[in-house]
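Enquirer: Next comes the structure file query_22.tsv, holding TSV, C-alpha atoms.
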chain	number	residue	atom	x	y	z
A	1323	MET	CA	93.68	190.34	136.88
A	1324	ALA	CA	90.79	191.58	139.01
A	1325	GLN	CA	88.31	190.13	136.53
A	1326	ARG	CA	90.00	186.71	136.57
A	1327	ARG	CA	90.07	186.72	140.36
A	1328	ALA	CA	86.39	187.60	140.50
A	1329	GLN	CA	85.55	184.72	138.16
A	1330	LEU	CA	87.45	182.27	140.38
A	1331	ASP	CA	85.94	183.66	143.59
A	1332	GLN	CA	82.38	183.55	142.28
A	1333	GLU	CA	82.32	179.74	142.49
A	1334	ASN	CA	83.44	179.87	146.12
A	1335	ILE	CA	80.96	182.52	147.29
A	1336	SER	CA	77.77	181.10	145.83
A	1337	CYS	CA	75.14	179.68	148.16
A	1338	SER	CA	74.64	175.97	147.44
A	1339	ILE	CA	71.01	176.28	148.54
A	1340	CYS	CA	69.79	179.10	146.28
A	1341	LEU	CA	72.72	178.80	143.81
A	1342	ASP	CA	73.11	182.58	143.80
A	1343	LEU	CA	75.81	184.85	145.21
A	1344	ILE	CA	75.60	184.71	149.00
A	1345	THR	CA	73.46	187.40	150.63
A	1346	ASP	CA	74.31	188.24	154.27
A	1347	PRO	CA	76.89	185.42	154.30
A	1348	VAL	CA	77.31	183.21	157.36
A	1349	THR	CA	79.78	180.37	157.94
A	1350	ILE	CA	78.62	177.33	159.93
A	1351	PRO	CA	80.96	175.19	162.13
A	1352	CYS	CA	81.88	172.75	159.31
A	1353	GLY	CA	83.28	175.66	157.27
A	1354	HIS	CA	80.61	175.93	154.55
A	1355	SER	CA	78.97	179.28	153.93
A	1356	TYR	CA	75.37	180.16	153.03
A	1357	CYS	CA	72.94	183.05	152.81
A	1358	MET	CA	71.66	183.69	156.32
A	1359	ASP	CA	68.02	183.37	155.24
A	1360	CYS	CA	68.70	180.16	153.27
A	1361	ILE	CA	70.37	178.26	156.10
A	1362	LYS	CA	67.80	179.54	158.61
A	1363	ALA	CA	64.97	178.23	156.43
A	1364	HIS	CA	66.79	174.92	156.03
A	1365	TRP	CA	67.28	174.49	159.77
A	1366	ASP	CA	63.72	175.61	160.56
A	1367	GLU	CA	62.54	172.52	158.64
A	1368	GLU	CA	64.81	170.32	160.82
A	1369	ASP	CA	63.65	171.71	164.15
A	1370	CYS	CA	61.22	168.84	164.69
A	1371	LYS	CA	64.09	166.34	164.38
A	1372	ASN	CA	66.23	168.23	166.90
A	1373	ARG	CA	69.25	168.07	164.61
A	1374	TYR	CA	70.81	170.60	162.26
A	1375	SER	CA	72.88	169.47	159.29
A	1376	CYS	CA	75.02	171.04	156.58
A	1377	PRO	CA	73.25	170.74	153.16
A	1378	GLN	CA	76.60	169.94	151.53
A	1379	CYS	CA	78.57	167.61	153.80
A	1380	ARG	CA	75.58	166.47	155.95
A	1381	LYS	CA	77.54	167.00	159.18
A	1382	THR	CA	75.09	167.52	162.07
A	1383	PHE	CA	75.26	169.99	164.94
A	1384	THR	CA	73.62	170.06	168.36
A	1385	PRO	CA	72.51	172.51	169.62
A	1386	ARG	CA	71.55	174.78	166.71
A	1387	PRO	CA	74.58	176.94	165.86
A	1388	VAL	CA	74.37	180.70	166.36
A	1389	LEU	CA	74.65	182.49	162.99
A	1390	VAL	CA	76.95	185.50	162.73
A	1391	LYS	CA	77.42	187.52	159.55
A	1392	SER	CA	80.86	187.09	157.96
A	1393	THR	CA	82.09	190.63	157.23
A	1394	MET	CA	85.11	189.56	155.18
A	1395	LEU	CA	83.00	187.25	152.98
A	1396	ALA	CA	80.38	189.97	152.57
A	1397	ASP	CA	83.06	192.35	151.25
A	1398	LEU	CA	84.27	189.75	148.75
A	1399	VAL	CA	80.71	189.16	147.53
A	1400	GLU	CA	80.22	192.87	147.05
A	1401	GLU	CA	83.43	193.11	145.02
A	1402	VAL	CA	82.27	190.34	142.72
A	1403	ARG	CA	78.86	191.97	142.33
A	1404	LYS	CA	80.53	195.18	141.16
A	1405	THR	CA	82.37	193.37	138.37
A	1406	GLY	CA	79.03	192.47	136.81
A	1407	LEU	CA	80.13	188.88	136.23
A	1408	GLN	CA	77.32	187.20	138.08
A	1409	ALA	CA	75.16	185.05	135.79
A	1410	ALA	CA	71.98	183.22	136.65
A	1411	PRO	CA	71.62	179.65	135.51
A	1412	ALA	CA	70.23	179.28	132.02
A	1413	ASP	CA	66.44	178.90	131.80
A	1414	HIS	CA	66.75	175.34	130.46
A	1415	CYS	CA	68.38	174.35	133.80
A	1416	TYR	CA	65.28	175.30	135.82
A	1417	ALA	CA	62.71	172.61	136.56
A	1418	GLY	CA	59.44	172.79	134.66
A	1419	ALA	CA	56.11	171.13	135.38
A	1420	GLU	CA	57.18	167.86	133.71
A	1421	ASP	CA	60.69	167.79	135.19
A	1422	VAL	CA	61.97	166.26	138.43
A	1423	ALA	CA	62.98	169.20	140.62
A	1424	CYS	CA	65.88	169.35	143.03
A	1425	ASP	CA	64.56	168.85	146.57
A	1426	VAL	CA	67.31	170.98	148.13
A	1427	CYS	CA	67.03	174.18	146.02
A	1428	THR	CA	65.01	177.02	147.52
A	1429	GLY	CA	63.24	179.69	145.52
A	1430	ARG	CA	63.36	178.83	141.83
A	1431	THR	CA	64.50	175.20	141.75
A	1432	LEU	CA	66.77	173.55	139.21
A	1433	LYS	CA	66.25	170.26	137.39
A	1434	ALA	CA	67.38	167.20	139.30
A	1435	HIS	CA	70.52	165.52	137.96
A	1436	LYS	CA	70.18	162.31	140.01
A	1437	SER	CA	67.93	160.81	142.65
A	1438	CYS	CA	69.33	158.97	145.70
A	1439	LEU	CA	67.56	155.77	146.75
A	1440	VAL	CA	69.08	156.01	150.23
A	1441	CYS	CA	68.36	159.67	150.96
A	1442	LEU	CA	65.11	159.49	148.95
A	1443	VAL	CA	66.00	162.94	147.67
A	1444	SER	CA	66.55	164.31	144.17
A	1445	TYR	CA	69.56	166.59	143.66
A	1446	CYS	CA	70.61	169.11	141.03
A	1447	GLU	CA	74.22	168.87	139.86
A	1448	LYS	CA	75.42	171.37	142.45
A	1449	HIS	CA	73.68	169.75	145.42
A	1450	LEU	CA	74.69	166.28	144.26
A	1451	GLN	CA	78.40	167.04	144.60
A	1452	PRO	CA	78.69	165.82	148.25
A	1453	HIS	CA	77.67	162.34	147.05
A	1454	TYR	CA	80.83	162.32	144.96
A	1455	ASP	CA	83.05	163.84	147.66
A	1456	ALA	CA	81.99	162.38	151.03
A	1457	ALA	CA	83.09	158.79	151.67
A	1458	GLN	CA	79.81	157.70	153.31
A	1459	LEU	CA	77.65	159.34	150.62
A	1460	LYS	CA	79.62	157.61	147.85
A	1461	LYS	CA	78.03	154.33	148.96
A	1462	HIS	CA	74.52	155.63	148.24
A	1463	GLU	CA	72.73	154.32	145.14
A	1464	LEU	CA	72.11	157.06	142.58
A	1465	VAL	CA	69.54	156.63	139.79
A	1466	GLU	CA	68.05	158.75	137.06
A	1467	PRO	CA	65.78	161.50	138.43
A	1468	SER	CA	62.46	160.07	139.61
A	1469	LYS	CA	59.33	161.68	141.03
A	1470	ASN	CA	58.25	158.42	142.66
A	1471	LEU	CA	61.22	157.58	144.87
A	1472	GLN	CA	58.98	156.42	147.72
A	1473	GLU	CA	57.66	153.61	145.49
A	1474	ASN	CA	61.15	152.05	145.64
A	1475	VAL	CA	61.07	151.86	149.43
A	1476	CYS	CA	59.50	149.04	151.44
A	1477	SER	CA	56.62	150.42	153.49
A	1478	HIS	CA	57.26	147.87	156.27
A	1479	HIS	CA	61.03	148.15	156.70
A	1480	ASN	CA	61.75	151.54	155.12
A	1481	GLU	CA	64.48	149.96	152.97
A	1482	VAL	CA	65.06	150.17	149.24
A	1483	MET	CA	63.40	147.23	147.46
A	1484	LYS	CA	66.31	145.67	145.56
A	1485	MET	CA	64.84	142.16	145.32
A	1486	PHE	CA	61.94	140.55	143.47
A	1487	CYS	CA	59.76	137.73	144.79
A	1488	ARG	CA	58.78	135.52	141.86
A	1489	THR	CA	56.41	133.54	144.09
A	1490	ASP	CA	54.29	136.62	144.88
A	1491	GLN	CA	55.32	138.64	141.81
A	1492	GLN	CA	56.33	141.77	143.69
A	1493	CYS	CA	59.38	143.85	144.61
A	1494	ILE	CA	60.66	143.41	148.16
A	1495	CYS	CA	63.55	144.55	150.34
A	1496	SER	CA	66.24	142.28	151.81
A	1497	LEU	CA	64.46	142.12	155.18
A	1498	CYS	CA	61.23	140.99	153.51
A	1499	SER	CA	63.13	138.03	152.01
A	1500	LEU	CA	63.98	136.93	155.56
A	1501	ASP	CA	60.51	137.56	156.96
A	1502	LYS	CA	57.23	137.44	155.05
A	1503	HIS	CA	58.81	136.05	151.87
A	1504	LYS	CA	61.15	133.55	153.55
A	1505	GLY	CA	61.55	130.40	151.45
A	1506	HIS	CA	60.09	132.06	148.34
A	1507	ASN	CA	61.75	132.14	144.94
A	1508	THR	CA	63.57	135.48	145.10
A	1509	VAL	CA	66.13	137.13	142.82
A	1510	SER	CA	67.67	140.56	142.54
A	1511	ALA	CA	65.46	143.20	140.96
A	1512	ALA	CA	68.13	143.78	138.29
A	1513	ALA	CA	68.12	140.08	137.33
A	1514	GLU	CA	64.33	140.01	137.07
A	1515	MET	CA	64.36	143.16	134.95
A	1516	ALA	CA	66.88	141.59	132.55
A	1517	VAL	CA	64.70	138.46	132.21
A	1518	ARG	CA	61.56	140.52	131.56
A	1519	GLN	CA	63.31	142.68	129.01
A	1520	ARG	CA	64.34	139.55	127.08
A	1521	GLN	CA	60.76	138.24	127.29
A	1522	LEU	CA	59.43	141.58	126.07
A	1523	GLN	CA	61.81	141.58	123.11
A	1524	GLY	CA	60.69	138.05	122.25
A	1525	ARG	CA	57.01	139.04	122.38
A	1526	GLN	CA	57.71	142.11	120.25
A	1527	GLN	CA	59.43	139.93	117.64
A	1528	ASN	CA	56.50	137.49	117.65
A	1529	ILE	CA	54.01	140.32	117.25
A	1530	GLN	CA	56.04	141.80	114.41
A	1531	GLN	CA	56.17	138.41	112.69
A	1532	ARG	CA	52.40	138.00	113.08
A	1533	ILE	CA	51.87	141.46	111.59
A	1534	GLN	CA	54.07	140.56	108.59
A	1535	ASP	CA	52.26	137.23	108.13
A	1536	ARG	CA	48.91	138.99	108.32
A	1537	GLU	CA	50.02	141.60	105.77
A	1538	LYS	CA	50.96	138.79	103.38
A	1539	GLU	CA	47.57	137.17	103.82
A	1540	VAL	CA	45.90	140.58	103.07
A	1541	SER	CA	48.26	141.13	99.74
A	1542	LEU	CA	46.93	137.60	98.65
A	1543	LYS	CA	43.27	138.45	99.58
A	1544	VAL	CA	43.36	141.70	97.61
A	1545	THR	CA	44.74	139.86	94.56
A	1546	GLU	CA	42.00	137.23	94.81
A	1547	VAL	CA	39.32	139.93	95.12
A	1548	ASP	CA	40.75	141.80	92.12
A	1549	VAL	CA	40.52	138.63	90.04
A	1550	LEU	CA	36.98	137.88	91.25
A	1551	LEU	CA	35.79	141.43	90.61
A	1552	SER	CA	37.40	141.53	87.18
A	1553	GLN	CA	34.80	141.39	84.42
A	1554	PRO	CA	34.76	138.18	82.37
A	1555	GLU	CA	36.76	138.11	79.16
A	1556	PRO	CA	34.64	139.10	76.11
A	1557	LYS	CA	33.28	136.29	73.94
A	1558	THR	CA	32.93	138.12	70.61
A	1559	ARG	CA	35.10	140.43	68.55
A	1560	ALA	CA	32.57	143.20	69.11
A	1561	GLY	CA	33.05	142.71	72.85
A	1562	PHE	CA	36.86	142.93	72.51
A	1563	LEU	CA	36.63	146.06	70.36
A	1564	LYS	CA	35.11	147.91	73.34
A	1565	TYR	CA	38.60	147.81	74.86
A	1566	SER	CA	40.56	148.69	71.71
A	1567	ARG	CA	43.51	151.02	72.25
A	1568	GLU	CA	45.20	153.53	69.94
A	1569	ILE	CA	48.73	152.09	69.85
A	1570	THR	CA	51.73	153.38	67.87
A	1571	LEU	CA	55.35	152.24	67.63
A	1572	ASP	CA	58.09	154.26	69.33
A	1573	PRO	CA	60.88	155.28	66.88
A	1574	ASN	CA	63.31	155.66	69.79
A	1575	THR	CA	63.08	151.92	70.51
A	1576	ALA	CA	63.18	150.64	66.90
A	1577	ASN	CA	66.25	148.75	65.71
A	1578	LYS	CA	67.99	150.65	62.89
A	1579	TYR	CA	66.98	147.95	60.34
A	1580	LEU	CA	63.29	148.59	61.02
A	1581	LEU	CA	61.46	151.13	58.89
A	1582	LEU	CA	58.42	152.64	60.60
A	1583	SER	CA	55.61	153.89	58.39
A	1584	GLY	CA	51.83	154.37	58.36
A	1585	ARG	CA	51.93	156.94	61.17
A	1586	ASN	CA	54.26	154.68	63.13
A	1587	ARG	CA	51.86	151.73	63.08
A	1588	LYS	CA	53.78	149.59	60.57
A	1589	ALA	CA	57.30	148.10	60.87
A	1590	THR	CA	59.28	146.51	57.99
A	1591	VAL	CA	62.72	144.88	58.07
A	1592	MET	CA	65.08	146.68	55.63
A	1593	ILE	CA	68.37	145.54	54.05
A	1594	GLU	CA	70.08	148.81	54.97
A	1595	GLN	CA	69.97	150.70	58.24
A	1596	GLU	CA	67.67	153.65	58.76
A	1597	PRO	CA	69.27	156.99	59.83
A	1598	TYR	CA	67.99	156.88	63.40
A	1599	SER	CA	69.88	158.89	66.01
A	1600	SER	CA	71.41	157.15	69.02
A	1601	HIS	CA	69.03	156.62	71.91
A	1602	PRO	CA	69.33	154.60	75.16
A	1603	ASP	CA	65.92	152.94	74.53
A	1604	ARG	CA	66.89	151.57	71.10
A	1605	PHE	CA	67.33	147.83	70.53
A	1606	THR	CA	70.89	147.67	69.20
A	1607	ASP	CA	71.16	144.12	67.79
A	1608	LEU	CA	67.70	142.52	67.65
A	1609	TRP	CA	65.05	143.55	65.12
A	1610	GLN	CA	62.58	144.63	67.80
A	1611	VAL	CA	60.42	147.66	68.59
A	1612	LEU	CA	58.10	148.65	71.46
A	1613	SER	CA	54.96	150.79	71.54
A	1614	ARG	CA	55.06	154.41	72.63
A	1615	GLU	CA	52.02	153.94	74.86
A	1616	SER	CA	52.09	152.04	78.17
A	1617	LEU	CA	49.32	149.50	78.70
A	1618	THR	CA	47.36	149.12	81.95
A	1619	GLY	CA	43.76	148.23	82.71
A	1620	ARG	CA	41.89	146.33	79.96
A	1621	CYS	CA	43.29	146.70	76.42
A	1622	TYR	CA	42.77	145.05	73.04
A	1623	TRP	CA	44.69	145.46	69.78
A	1624	GLU	CA	45.17	143.52	66.55
A	1625	VAL	CA	48.29	142.94	64.44
A	1626	GLU	CA	48.29	142.17	60.70
A	1627	THR	CA	51.41	140.28	59.56
A	1628	ARG	CA	53.04	139.39	56.24
A	1629	ARG	CA	55.90	137.26	57.39
A	1630	ARG	CA	57.81	134.11	57.73
A	1631	GLU	CA	58.46	134.65	61.46
A	1632	VAL	CA	57.12	137.44	63.71
A	1633	ASN	CA	56.78	137.57	67.49
A	1634	LEU	CA	53.90	139.55	69.02
A	1635	ALA	CA	54.85	140.55	72.56
A	1636	VAL	CA	54.23	142.61	75.67
A	1637	ALA	CA	57.17	143.69	77.81
A	1638	TYR	CA	58.17	145.85	80.76
A	1639	LYS	CA	59.98	149.06	79.89
A	1640	ASN	CA	63.12	147.96	81.74
A	1641	ILE	CA	63.83	145.03	79.41
A	1642	SER	CA	67.48	145.06	78.24
A	1643	ARG	CA	68.14	146.80	74.92
A	1644	ALA	CA	71.81	146.13	74.05
A	1645	GLY	CA	73.05	142.79	72.68
A	1646	ARG	CA	71.45	139.54	71.51
A	1647	SER	CA	71.23	137.68	74.81
A	1648	SER	CA	68.01	136.20	76.18
A	1649	GLU	CA	67.71	139.25	78.44
A	1650	CYS	CA	66.89	141.29	75.31
A	1651	VAL	CA	64.75	138.84	73.30
A	1652	PHE	CA	60.98	139.11	73.67
A	1653	GLY	CA	59.93	136.00	75.61
A	1654	GLY	CA	63.50	135.09	76.53
A	1655	ASN	CA	63.27	136.48	80.09
A	1656	ASP	CA	60.86	137.23	82.95
A	1657	LYS	CA	60.19	140.76	81.69
A	1658	SER	CA	58.35	139.86	78.48
A	1659	TRP	CA	55.72	137.47	77.07
A	1660	ALA	CA	55.59	136.61	73.33
A	1661	LEU	CA	53.59	134.62	70.78
A	1662	TYR	CA	55.76	133.27	67.94
A	1663	CYS	CA	53.84	133.38	64.65
A	1664	GLY	CA	55.35	131.25	61.87
A	1665	ASN	CA	54.03	130.27	58.45
A	1666	MET	CA	52.74	126.94	59.70
A	1667	SER	CA	52.57	127.11	63.51
A	1668	TYR	CA	52.53	129.09	66.77
A	1669	TYR	CA	54.26	128.72	70.09
A	1670	PHE	CA	54.27	130.78	73.29
A	1671	LEU	CA	57.54	131.98	74.81
A	1672	TYR	CA	58.21	133.21	78.37
A	1673	ASN	CA	61.44	133.19	80.36
A	1674	ASN	CA	63.10	131.30	77.49
A	1675	VAL	CA	60.63	128.39	77.77
A	1676	GLN	CA	58.63	127.41	74.65
A	1677	THR	CA	55.06	126.15	74.92
A	1678	PRO	CA	53.47	124.63	71.75
A	1679	VAL	CA	50.25	126.34	70.65
A	1680	SER	CA	47.68	124.73	68.35
A	1681	GLY	CA	45.26	126.71	66.25
A	1682	LEU	CA	44.37	128.00	62.83
A	1683	VAL	CA	47.21	130.08	61.39
A	1684	SER	CA	45.89	133.52	60.43
A	1685	SER	CA	47.51	136.72	59.16
A	1686	ARG	CA	45.73	138.69	61.89
A	1687	VAL	CA	46.18	138.09	65.61
A	1688	GLY	CA	44.23	139.82	68.40
A	1689	VAL	CA	45.88	140.53	71.78
A	1690	TYR	CA	43.76	141.04	74.92
A	1691	LEU	CA	45.25	142.31	78.19
A	1692	ASP	CA	43.58	142.66	81.60
A	1693	HIS	CA	46.52	144.09	83.54
A	1694	SER	CA	44.98	144.13	87.06
A	1695	ALA	CA	43.64	140.56	86.67
A	1696	GLY	CA	46.96	139.35	85.21
A	1697	ILE	CA	45.35	137.98	82.02
A	1698	LEU	CA	47.06	137.99	78.61
A	1699	SER	CA	45.28	136.24	75.69
A	1700	PHE	CA	46.10	135.76	72.00
A	1701	TYR	CA	43.38	135.11	69.40
A	1702	SER	CA	43.44	134.07	65.77
A	1703	VAL	CA	41.16	136.57	64.02
A	1704	SER	CA	39.29	135.65	60.80
A	1705	GLU	CA	35.55	135.31	60.37
A	1706	THR	CA	35.55	134.13	63.98
A	1707	MET	CA	37.91	134.54	66.92
A	1708	THR	CA	39.79	131.45	68.09
A	1709	LEU	CA	41.70	131.45	71.36
A	1710	LEU	CA	45.33	130.47	70.78
A	1711	HIS	CA	46.82	130.89	74.25
A	1712	ARG	CA	45.93	132.50	77.60
A	1713	VAL	CA	48.32	133.49	80.40
A	1714	GLN	CA	47.28	133.99	84.05
A	1715	THR	CA	50.02	135.76	86.04
A	1716	THR	CA	50.74	138.90	88.08
A	1717	PHE	CA	51.97	142.01	86.29
A	1718	THR	CA	54.04	144.31	88.50
A	1719	GLN	CA	54.67	147.14	86.00
A	1720	PRO	CA	52.91	148.77	83.04
A	1721	LEU	CA	53.38	146.83	79.80
A	1722	TYR	CA	54.30	147.88	76.24
A	1723	ALA	CA	53.28	146.14	73.02
A	1724	GLY	CA	56.23	144.76	71.03
A	1725	LEU	CA	57.15	143.29	67.62
A	1726	TRP	CA	60.11	141.04	66.82
A	1727	PHE	CA	61.27	140.01	63.32
A	1728	ASN	CA	63.69	137.38	62.03
A	1729	TYR	CA	63.81	137.85	58.22
A	1730	TYR	CA	64.37	140.72	55.79
A	1731	LYS	CA	61.22	142.24	54.28
A	1732	ASP	CA	58.96	140.73	56.94
A	1733	THR	CA	56.38	143.28	58.08
A	1734	ALA	CA	53.70	143.75	60.71
A	1735	GLU	CA	51.15	146.49	61.33
A	1736	LEU	CA	49.08	147.58	64.32
A	1737	CYS	CA	45.58	147.68	62.86
A	1738	GLU	CA	43.24	150.65	63.12
A	1739	LEU	CA	40.13	149.33	64.84
A	1740	LYS	CA	36.86	151.14	64.16
Spell out the structure here as structure tokens.
Expert:
Amino acid sequence: MAQRRAQLDQENISCSICLDLITDPVTIPCGHSYCMDCIKAHWDEEDCKNRYSCPQCRKTFTPRPVLVKSTMLADLVEEVRKTGLQAAPADHCYAGAEDVACDVCTGRTLKAHKSCLVCLVSYCEKHLQPHYDAAQLKKHELVEPSKNLQENVCSHHNEVMKMFCRTDQQCICSLCSLDKHKGHNTVSAAAEMAVRQRQLQGRQQNIQQRIQDREKEVSLKVTEVDVLLSQPEPKTRAGFLKYSREITLDPNTANKYLLLSGRNRKATVMIEQEPYSSHPDRFTDLWQVLSRESLTGRCYWEVETRRREVNLAVAYKNISRAGRSSECVFGGNDKSWALYCGNMSYYFLYNNVQTPVSGLVSSRVGVYLDHSAGILSFYSVSETMTLLHRVQTTFTQPLYAGLWFNYYKDTAELCELK
């Protein structure tokens, strides 16, 4: 019971100036109590104004009241001290170098909770309480703590500048609007702030849009430079062979009717299924297979075919594998490019659109890829190399070589290039 009473009494016997338990307590005429040294120091600062006020209720006294120690209050303070319940404010409540300090605290000051534009004083939570209790103080305008309160006050009329003169582009007080700025275009400071915030948001959006537009122009410039810096396509087979790649077929992608042989370079369509295990990369319905190696940079390879119909392709790894839809067929979507090689003719296939290709039909076809430049070329290879078709595009992922078959016993082989 004594402990509970001490806890309740502690709030009532703390000095609102130093925020500590009262030392040498005195009670002034309005009924509020303080440390004798604290209230003396407070009134010493007011001597030049010839008025003495209560730091809490702001009631003034004339002449300066005589201070007499309150024996009963001193005994109560001593009792609370003996309970050991006194606790200093936490360190994070004290004002640091970057914080706005309470102007009323003495000794170690606390952080300000609000600043008053009428009093031009910043208050901690304890010293701010009278602004919530006293009727006259409730009318004062409280703002977030500010170190520059005087900047909000008119130097001519000593009033808070709550208006803005658009004619002279400056903050003014209400008296200025009737005097020096009479007849000018004036609005409340709050209204002007709202307008400027909207303007600022608009400018920020415009700047952001300009940044995005500029970034797009730089994506395009880089692509153009890449193409310009790309070395020209070779003119002879010897020139292409400089970029030859060791390419093998991936058994995990091969349809079960495809037999891989020749160190996984050759694929043949069989009448019966091969005993491949299930794998998520396997083409389930189409007689297709992809290379194990991904293709970037500049690459060249040749394919020897014995066929009625074979498609030579490049594709992204994320091409669909299950079913017979166009999303799975090489050249039937935007994830693959294919050259159809028939007995009598060629045609190019991309995104399910066929483009006729003229040229000498040969059993060997060379494929040239310049990934960064977006170039894909197909050549008929015999005693000479004849360009069949060239694609200029933008590749966004690594590519994989692919083969597609349409008849039993058709076969194709990735050639070893010396």
Enquirer: If we count only C-alpha atoms and set the cut-off at 10 Å, which residues sit around region 1444-1455 of chain A, ignoring sequence neighbours fewer than 3 positions away in its own chain? Please answer as a VMD selection string.
Expert: chain A and resid 1338 to 1339 1341 1377 to 1380 1415 to 1417 1422 to 1427 1431 to 1439 1441 1458 to 1469 1471
Enquirer: For Tyr1598 (chain A), please output as an MDAnalysis selection string all residues within 9 Å (counting only C-alpha atoms; exclusion window: fewer than 6 positions along the same chain).
Expert: chainID A and resid 1573:1574 1576:1578
Enquirer: Find the residues with any atom within 12 Å of (54.8, 138.2, 154.8); use all atoms listed in the file and the coordinates as given in the file, and write the answer as JSON, numbers by chain.
Expert: {"A": [1478, 1479, 1487, 1489, 1490, 1492, 1494, 1495, 1497, 1498, 1499, 1500, 1501, 1502, 1503, 1504, 1505, 1506]}
Enquirer: Using all atoms listed in the file, which of the listed residues (A:Leu1612, A:Leu1582, A:Ala1560, A:Leu1682) sits closest to Leu1739 (chain A)?
Expert: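 Of A:Leu1612, A:Leu1582, A:Ala1560, A:Leu1682, the one nearest Leu1739 (chain A), counting all atoms listed in the file, is A:Ala1560.
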Enquirer: Which residues are near region 1509-1513 of chain A? Cut-off 7 Å, only C-alpha atoms, ignore same chain within fewer than 6 positions. Put them as a PDB file with C-alpha atoms, in the coordinates of the input.
Expert:
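Heads up, here's the output in out_36.pdb:
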ATOM      1  CA  LYS A1484      66.310 145.670 145.560  1.00  0.00           C
ATOM      2  CA  MET A1485      64.840 142.160 145.320  1.00  0.00           C
ATOM      3  CA  PHE A1486      61.940 140.550 143.470  1.00  0.00           C
ATOM      4  CA  CYS A1487      59.760 137.730 144.790  1.00  0.00           C
TER       5      CYS A1487
END
Enquirer: Since the input lacks some atoms of region 1707-1711 of chain A, please model all heavy atoms and print them as an mmCIF file, in the coordinates of the input.
Expert:
data_model
loop_
_atom_site.group_PDB
_atom_site.id
_atom_site.type_symbol
_atom_site.label_atom_id
_atom_site.label_comp_id
_atom_site.auth_asym_id
_atom_site.auth_seq_id
_atom_site.Cartn_x
_atom_site.Cartn_y
_atom_site.Cartn_z
ATOM 1 N N MET A 1707 36.730 134.391 66.066
ATOM 2 C CA MET A 1707 37.910 134.540 66.920
ATOM 3 C C MET A 1707 38.173 133.209 67.617
ATOM 4 O O MET A 1707 37.280 132.647 68.254
ATOM 5 C CB MET A 1707 37.728 135.647 67.947
ATOM 6 C CG MET A 1707 37.627 137.029 67.323
ATOM 7 S SD MET A 1707 37.633 138.332 68.567
ATOM 8 C CE MET A 1707 39.253 138.139 69.285
ATOM 9 N N THR A 1708 39.408 132.719 67.473
ATOM 10 C CA THR A 1708 39.790 131.450 68.090
ATOM 11 C C THR A 1708 40.915 131.699 69.095
ATOM 12 O O THR A 1708 41.955 132.270 68.746
ATOM 13 C CB THR A 1708 40.287 130.447 67.030
ATOM 14 O OG1 THR A 1708 39.263 130.274 66.030
ATOM 15 C CG2 THR A 1708 40.619 129.111 67.671
ATOM 16 N N LEU A 1709 40.683 131.281 70.325
ATOM 17 C CA LEU A 1709 41.700 131.450 71.360
ATOM 18 C C LEU A 1709 42.908 130.585 71.053
ATOM 19 O O LEU A 1709 42.782 129.371 70.876
ATOM 20 C CB LEU A 1709 41.138 131.096 72.734
ATOM 21 C CG LEU A 1709 42.139 131.170 73.903
ATOM 22 C CD1 LEU A 1709 42.614 132.605 74.128
ATOM 23 C CD2 LEU A 1709 41.503 130.607 75.182
ATOM 24 N N LEU A 1710 44.084 131.208 70.989
ATOM 25 C CA LEU A 1710 45.330 130.470 70.780
ATOM 26 C C LEU A 1710 46.010 130.136 72.103
ATOM 27 O O LEU A 1710 46.422 128.993 72.327
ATOM 28 C CB LEU A 1710 46.280 131.297 69.910
ATOM 29 C CG LEU A 1710 45.792 131.613 68.501
ATOM 30 C CD1 LEU A 1710 46.749 132.586 67.816
ATOM 31 C CD2 LEU A 1710 45.655 130.326 67.675
ATOM 32 N N HIS A 1711 46.114 131.120 72.983
ATOM 33 C CA HIS A 1711 46.820 130.890 74.250
ATOM 34 C C HIS A 1711 46.411 131.963 75.248
ATOM 35 O O HIS A 1711 46.239 133.130 74.887
ATOM 36 C CB HIS A 1711 48.341 130.929 74.037
ATOM 37 C CG HIS A 1711 49.131 130.467 75.227
ATOM 38 N ND1 HIS A 1711 49.194 129.141 75.606
ATOM 39 C CD2 HIS A 1711 49.881 131.152 76.130
ATOM 40 C CE1 HIS A 1711 49.959 129.033 76.688
ATOM 41 N NE2 HIS A 1711 50.386 130.244 77.020
#
